[in-house]
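Colleague: Before I ask anything, let me first share the structure, which is written out below as structure tokens.
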There are 2 protein chains.
Amino acid sequence: MATETSQDPRVERSKSAVLEAAVDLLLEGGVGAVTVEAIVERSGVARSTIYRHWESRRELLLATFDALTPPPDDPRVDGPLRDRLADLLQSRARRIGSVPWAAAIPTLLDATSRDPELAGVRERLVEQHRGAFRRTLERAVEEGELPATTDMSEAISQIAGPMFYRLLISREPLDDAFARRVVDLFLASRQR
Amino acid sequence: MATETSQDPRVERSKSAVLEAAVDLLLEGGVGAVTVEAIVERSGVARSTIYRHWESRRELLLATFDALTPPPDDPRVDGPLRDRLADLLQSRARRIGSVPWAAAIPTLLDATSRDPELAGVRERLVEQHRGAFRRTLERAVEEGELPATTDMSEAISQIAGPMFYRLLISREPLDDAFARRVVDLFLASRQR
DNA sequence: GTATAACGAAACGATACAGTAGCGTTTCGT
DNA sequence: ACGAAACGCTACTGTATCGTTTCGTTATAC
């Protein structure tokens with residue numbers, strides 16, 4: 001009958017302290033660095049408390065990945081397509097080029113490639129990432145800025161691909177000018 | 001005075017058996033799967049023998065990454081640029097889309113991103129990969145098929161990026177048609 | 001044929017980690 | 001104020017791995 005939620009505030013405090021430490025460890029040292037002991041040390045939360053709230057290290061790791069989701073940033077919806085796409089790509093590039101994410105993405109890809117449960121986490125992150133591009137592109141199609149035959153999945157690969165290539169493979173800097181040229185290249189072949 | 005090389009042939013046999021097993025384990029299960037015990041079990045070579053030939057697990061891991069380098073395939077040099085680029089991209093896509101490599105690349109990126117010594121291995125692999133594209137593009141510039149102002153590094157990002165995006169991020173299939181469209185997109189905005 | 005080097009099997013100590021249990025203390029809701 | 005719950009602390013078990021050594025066997029070179 002009574003309210004099931006909002007129990008002892010200490011529970012929330014402990015949980016968030018643990019997750020915060022776990023996320024930090026994940027971003028700094030990869031999945032392998034997320035040990036219970038390291039979390040205990042960094043968070044100040046006791047080992048026993050952690051196991052009171054999570055069944056196992058695995059559960060905790062899952063929760064850590066969940067806590068990792070970045071807040072979605074709303075892309076601008078005004079101005080010409082070229083500017084909207086460039087803004088979107090630049091904001092994405094700035095985020096994934098930032099220190100914690102640049103280091104975390106390889107770890108994420110690796111961990112999620114071999115673990116079916118973690119694969120869901122990756123799909124969610126990827127879908128969130130692709131959604132922003134898809135919405136911008138679909139709107140452009142509706143407004144006639146892009147042909148109706150545009151293959152969304154292919155377009156996203158062509159726009160976001162070069163950015164990830166520089167981040168993951170060649171490790172070149174991701175500056176705004178590069179993002180703009182990628183957008184221009186994409187548009188040059190599609191637009192009138 | 002005597003010949004220093006080519007000692008007991010068993011040495012070579014053991015070494016290659018160990019490396020072969022280590023490479024298999026790396027491709028199958030990532031860096032974490034390359035344990036000395038697993039190598040012992042799979043290769044049939046004894047623990048002691050392994051430590052006779054390598055100082056430590058770390059040395060062995062380095063050697064494993066070195067043994068990983070794929071044989072370079074020579075891109076075709078005839079025909080129009082469109083076909084040459086498409087051929088190159090398709091052959092690359094087929095390789096990195098193949099089961100062992102598709103699974104290995106995330107592990108490689110992760111491991112090499114946090115380990116300065118392994119970083120050299122990644123650079124070597126990336127450079128080999130980029131070299132093939134660079135040579136094809138430079139030749140195209142010489143022959144007037146591309147403008148002399150073409151930024152090689154940028155061009156490679158734009159051509160190879162979408163492929164890696166599909167492989168690593170979106171996990172979509174890498175078919176030849178996709179590769180060709182990527183090339184066409186690139187050329188459409190550059191060529192007369 | 002024999003000496004020698006490489007070999008395989010097995011054991012060892014050290015380290016790191018996950019997970020469990022007990023106990024006294026602190027904080028919360030009522 | 002008081003009981004319940006959450007907490008921190010500590011010690012413990014069990015497992016996995018590494019690095020190293022010993023020892024008896026086997027293949028190779030001469």
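By order in the structure tokens, chains are A, B, ...; within a chain, residues start at 1; ligands start at 1, following the order shown.
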Only residues of chain A matter here; which ones have an atom within 8 Å of chain D, counting only C-alpha atoms (C1' of nucleotides)? Give them as JSON, numbers by chain.
Modeller: {"A": [8, 10, 11, 45, 46, 49]}
Colleague: Would you mind exporting C-alpha atoms of the selected residues as a short mmCIF file (atom, residue, chain, number, x, y, z; two decimals), in the first residue's frame?
Modeller:
```
data_model
loop_
_atom_site.label_atom_id
_atom_site.label_comp_id
_atom_site.auth_asym_id
_atom_site.auth_seq_id
_atom_site.Cartn_x
_atom_site.Cartn_y
_atom_site.Cartn_z
CA ASP A 8 16.65 5.54 2.60
CA ARG A 10 21.80 6.62 1.73
CA VAL A 11 21.01 3.93 -0.79
CA VAL A 45 31.81 2.82 -0.44
CA ALA A 46 32.46 -0.47 1.29
CA THR A 49 27.63 -2.26 0.46
#
```
Colleague: From a backbone DSSP assignment, name each residue in range 3-181 of chain B labelled alpha helix (DSSP H), as a ChimeraX atom specification.
Modeller: /B:9-29,36-43,47-53,57-66,81-97,99-114,116-142,152-164,176-181
Colleague: Mind dumping the selected residues with C-alpha atoms as a tab-separated table (two decimals), in the first residue's frame?
Modeller:
```
chain	number	residue	atom	x	y	z
B	9	PRO	CA	64.99	-26.90	-35.75
B	10	ARG	CA	62.76	-27.62	-32.78
B	11	VAL	CA	63.20	-24.05	-31.70
B	12	GLU	CA	61.59	-22.73	-34.84
B	13	ARG	CA	58.85	-25.30	-34.61
B	14	SER	CA	58.01	-24.41	-31.04
B	15	LYS	CA	58.11	-20.70	-31.71
B	16	SER	CA	55.79	-20.86	-34.65
B	17	ALA	CA	53.43	-23.22	-32.87
B	18	VAL	CA	53.24	-20.81	-29.96
B	19	LEU	CA	52.70	-17.76	-32.14
B	20	GLU	CA	50.09	-19.49	-34.21
B	21	ALA	CA	48.14	-20.45	-31.12
B	22	ALA	CA	48.57	-16.98	-29.66
B	23	VAL	CA	47.30	-15.30	-32.82
B	24	ASP	CA	44.29	-17.60	-32.89
B	25	LEU	CA	43.50	-16.81	-29.28
B	26	LEU	CA	43.90	-13.10	-29.87
B	27	LEU	CA	41.55	-13.12	-32.82
B	28	GLU	CA	39.01	-15.30	-31.07
B	29	GLY	CA	38.90	-13.84	-27.63
B	36	VAL	CA	50.12	-18.49	-21.20
B	37	GLU	CA	48.02	-21.37	-20.06
B	38	ALA	CA	45.71	-21.16	-23.03
B	39	ILE	CA	48.70	-21.06	-25.35
B	40	VAL	CA	50.19	-24.10	-23.66
B	41	GLU	CA	46.97	-26.00	-24.07
B	42	ARG	CA	46.36	-25.06	-27.67
B	43	SER	CA	49.90	-25.25	-29.02
B	47	ARG	CA	55.15	-23.57	-20.37
B	48	SER	CA	58.85	-23.86	-19.76
B	49	THR	CA	59.60	-23.86	-23.44
B	50	ILE	CA	57.63	-20.70	-23.93
B	51	TYR	CA	59.59	-18.93	-21.25
B	52	ARG	CA	62.80	-20.13	-22.81
B	53	HIS	CA	61.99	-18.17	-25.94
B	57	ARG	CA	54.01	-12.71	-21.28
B	58	ARG	CA	54.34	-9.14	-22.40
B	59	GLU	CA	57.14	-9.95	-24.86
B	60	LEU	CA	55.09	-12.80	-26.16
B	61	LEU	CA	52.10	-10.54	-26.64
B	62	LEU	CA	54.23	-8.09	-28.59
B	63	ALA	CA	55.45	-10.90	-30.81
B	64	THR	CA	51.88	-12.04	-31.27
B	65	PHE	CA	50.82	-8.64	-32.52
B	66	ASP	CA	53.81	-8.61	-34.82
B	81	LEU	CA	40.40	5.69	-61.08
B	82	ARG	CA	36.86	4.78	-60.16
B	83	ASP	CA	37.56	1.11	-60.72
B	84	ARG	CA	40.96	1.18	-59.09
B	85	LEU	CA	39.60	2.80	-55.95
B	86	ALA	CA	36.57	0.54	-55.82
B	87	ASP	CA	38.76	-2.53	-56.19
B	88	LEU	CA	41.02	-1.37	-53.43
B	89	LEU	CA	38.21	-0.52	-51.07
B	90	GLN	CA	36.38	-3.73	-51.79
B	91	SER	CA	39.41	-5.90	-51.18
B	92	ARG	CA	40.05	-4.07	-47.92
B	93	ALA	CA	36.43	-4.42	-46.93
B	94	ARG	CA	36.46	-8.12	-47.62
B	95	ARG	CA	39.49	-8.60	-45.46
B	96	ILE	CA	38.49	-6.56	-42.47
B	97	GLY	CA	34.97	-7.86	-42.77
B	99	VAL	CA	35.49	-13.20	-39.31
B	100	PRO	CA	38.89	-13.15	-37.65
B	101	TRP	CA	39.69	-9.54	-38.47
B	102	ALA	CA	36.28	-8.13	-37.73
B	103	ALA	CA	36.55	-9.56	-34.25
B	104	ALA	CA	40.17	-8.58	-33.79
B	105	ILE	CA	40.05	-4.92	-34.72
B	106	PRO	CA	38.15	-3.68	-31.66
B	107	THR	CA	40.54	-5.59	-29.43
B	108	LEU	CA	43.49	-4.18	-31.32
B	109	LEU	CA	42.25	-0.64	-31.03
B	110	ASP	CA	41.54	-1.02	-27.35
B	111	ALA	CA	44.79	-2.70	-26.44
B	112	THR	CA	46.90	-0.32	-28.46
B	113	SER	CA	45.16	2.75	-27.13
B	114	ARG	CA	46.35	2.20	-23.61
B	116	PRO	CA	52.52	2.81	-25.62
B	117	GLU	CA	54.47	-0.19	-26.83
B	118	LEU	CA	51.51	-1.66	-28.61
B	119	ALA	CA	50.73	1.71	-30.12
B	120	GLY	CA	53.63	1.16	-32.47
B	121	VAL	CA	52.01	-1.98	-33.73
B	122	ARG	CA	48.81	-0.16	-34.51
B	123	GLU	CA	50.66	2.60	-36.30
B	124	ARG	CA	52.38	0.06	-38.47
B	125	LEU	CA	49.12	-1.62	-39.40
B	126	VAL	CA	47.38	1.68	-40.03
B	127	GLU	CA	50.27	2.96	-42.11
B	128	GLN	CA	50.22	-0.14	-44.23
B	129	HIS	CA	46.51	0.29	-44.73
B	130	ARG	CA	46.76	3.96	-45.57
B	131	GLY	CA	49.73	3.46	-47.84
B	132	ALA	CA	47.72	1.52	-50.35
B	133	PHE	CA	45.14	4.27	-50.58
B	134	ARG	CA	47.74	6.98	-50.65
B	135	ARG	CA	49.63	5.42	-53.53
B	136	THR	CA	46.49	5.02	-55.57
B	137	LEU	CA	45.42	8.58	-54.90
B	138	GLU	CA	48.85	10.08	-55.56
B	139	ARG	CA	49.06	8.34	-58.84
B	140	ALA	CA	45.63	9.69	-59.71
B	141	VAL	CA	46.87	13.19	-58.96
B	142	GLU	CA	49.91	12.67	-61.17
B	152	MET	CA	45.48	12.83	-49.02
B	153	SER	CA	44.75	12.33	-45.37
B	154	GLU	CA	41.31	13.81	-45.75
B	155	ALA	CA	40.56	11.79	-48.84
B	156	ILE	CA	41.51	8.57	-47.11
B	157	SER	CA	39.26	9.41	-44.16
B	158	GLN	CA	36.39	10.01	-46.52
B	159	ILE	CA	36.89	6.81	-48.46
B	160	ALA	CA	37.87	4.37	-45.74
B	161	GLY	CA	35.85	5.98	-42.95
B	162	PRO	CA	32.42	4.75	-44.03
B	163	MET	CA	33.75	1.23	-44.28
B	164	PHE	CA	35.12	1.24	-40.75
B	176	ASP	CA	30.81	-4.49	-52.70
B	177	ALA	CA	27.97	-2.25	-53.77
B	178	PHE	CA	28.42	-0.11	-50.70
B	179	ALA	CA	32.12	0.27	-51.36
B	180	ARG	CA	31.43	1.34	-54.91
B	181	ARG	CA	28.92	3.95	-53.85
```
Colleague: Given only C-alpha atoms (C1' of nucleotides) as the basis, pick out the residue of A:Pro71, A:Val31, A:Glu143, A:Ser56 nearest to chain C.
Modeller: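 Comparing A:Pro71, A:Val31, A:Glu143, A:Ser56 against chain C, the winner is A:Ser56.
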Colleague: Could you list, as a PyMOL selection string, the residues of chain C having an atom within 10 Å of chain A when counting only C-alpha atoms (C1' of nucleotides)?
Modeller: chain C and resi 16-21+27-29
Colleague: Could you please take those selected residues and save N, CA and C atoms (P, O5', C5', C4', C3', O3' and C1' of nucleotides) as a short mmCIF file (atom, residue, chain, number, x, y, z; two decimals), in the first residue's frame?
Modeller:
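Wrote it out as selection_35.cif, contents follow:
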```cif
data_model
loop_
_atom_site.label_atom_id
_atom_site.label_comp_id
_atom_site.auth_asym_id
_atom_site.auth_seq_id
_atom_site.Cartn_x
_atom_site.Cartn_y
_atom_site.Cartn_z
P DA C 16 49.35 -7.20 -6.76
"O5'" DA C 16 47.96 -7.49 -7.47
"C5'" DA C 16 47.94 -7.98 -8.80
"C4'" DA C 16 46.56 -8.52 -9.10
"C3'" DA C 16 45.43 -7.68 -8.50
"O3'" DA C 16 44.49 -7.39 -9.52
"C1'" DA C 16 45.15 -9.96 -7.95
P DC C 17 43.45 -6.20 -9.30
"O5'" DC C 17 42.10 -6.99 -9.15
"C5'" DC C 17 41.74 -7.94 -10.15
"C4'" DC C 17 40.82 -8.98 -9.58
"C3'" DC C 17 39.65 -8.43 -8.79
"O3'" DC C 17 38.54 -8.28 -9.67
"C1'" DC C 17 40.54 -10.48 -7.89
P DA C 18 37.13 -7.82 -9.14
"O5'" DA C 18 36.45 -9.18 -8.73
"C5'" DA C 18 36.28 -10.20 -9.70
"C4'" DA C 18 35.48 -11.36 -9.14
"C3'" DA C 18 34.13 -10.97 -8.55
"O3'" DA C 18 33.15 -11.94 -8.92
"C1'" DA C 18 35.49 -11.97 -6.86
P DG C 19 31.64 -11.62 -8.68
"O5'" DG C 19 31.40 -12.16 -7.20
"C5'" DG C 19 31.61 -13.54 -6.96
"C4'" DG C 19 31.69 -13.80 -5.47
"C3'" DG C 19 30.53 -13.26 -4.62
"O3'" DG C 19 29.80 -14.37 -4.12
"C1'" DG C 19 32.62 -12.99 -3.56
P DT C 20 28.58 -14.14 -3.10
"O5'" DT C 20 29.28 -14.37 -1.69
"C5'" DT C 20 30.02 -15.57 -1.45
"C4'" DT C 20 30.31 -15.70 0.03
"C3'" DT C 20 29.15 -15.33 0.95
"O3'" DT C 20 29.01 -16.35 1.93
"C1'" DT C 20 31.07 -14.09 1.56
P DA C 21 27.76 -16.27 2.93
"O5'" DA C 21 28.48 -15.76 4.26
"C5'" DA C 21 29.75 -16.31 4.61
"C4'" DA C 21 30.22 -15.73 5.93
"C3'" DA C 21 29.08 -15.31 6.86
"O3'" DA C 21 29.37 -15.73 8.18
"C1'" DA C 21 30.52 -13.47 6.46
P DT C 27 26.26 9.48 10.77
"O5'" DT C 27 24.88 9.16 10.07
"C5'" DT C 27 24.87 8.35 8.90
"C4'" DT C 27 23.46 7.94 8.58
"C3'" DT C 27 22.43 9.06 8.68
"O3'" DT C 27 21.68 9.09 7.49
"C1'" DT C 27 21.68 7.15 9.83
P DC C 28 20.84 10.39 7.10
"O5'" DC C 28 19.38 9.79 7.02
"C5'" DC C 28 19.14 8.65 6.18
"C4'" DC C 28 17.98 7.86 6.70
"C3'" DC C 28 16.70 8.65 6.88
"O3'" DC C 28 15.82 8.38 5.80
"C1'" DC C 28 17.10 7.12 8.71
P DG C 29 14.52 9.27 5.57
"O5'" DG C 29 13.41 8.43 6.34
"C5'" DG C 29 13.23 7.05 6.00
"C4'" DG C 29 12.21 6.43 6.93
"C3'" DG C 29 10.89 7.19 7.04
"O3'" DG C 29 9.82 6.27 7.09
"C1'" DG C 29 11.91 7.03 9.20
#
```
Colleague: Hey, can you check how far CA of Asp74 in chain B sits from CA of Leu168 in chain B?
Modeller: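 Computing it gives 24.7 Å between the two atoms.
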Colleague: In Å to one decimal, how far is CA of Ala188 in chain A from CA of Ser189 in chain B?
Modeller: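 Taking CA of Ser189 in chain B as the start and CA of Ala188 in chain A as the end point, the length is 5.4 Å.
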Colleague: Using only C-alpha atoms, pick whichever of B:Pro70, B:Pro173, B:Gly30, B:Pro75 has the shortest atom-to-atom distance to chain A.
Modeller: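 Result for the nearest residue to chain A: B:Gly30.
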Colleague: Could you tell me which of A:Thr150, A:Gly32, A:Ser98, A:Leu68 comes closest to chain B if we count only C-alpha atoms?
Modeller: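 Nearest candidate to chain B out of A:Thr150, A:Gly32, A:Ser98, A:Leu68: A:Gly32.
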Colleague: Rounded to one decimal in Å, what is the spacing between CA of Glu145 in chain B and CA of Leu185 in chain A?
Modeller: 17.2 Å
Colleague: Which residue gives the smallest distance to chain A among B:Val34, B:Val77, B:Ala67, B:Ile169, with only C-alpha atoms counted?
Modeller: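 Among the listed residues, the smallest separation from chain A belongs to B:Ile169.
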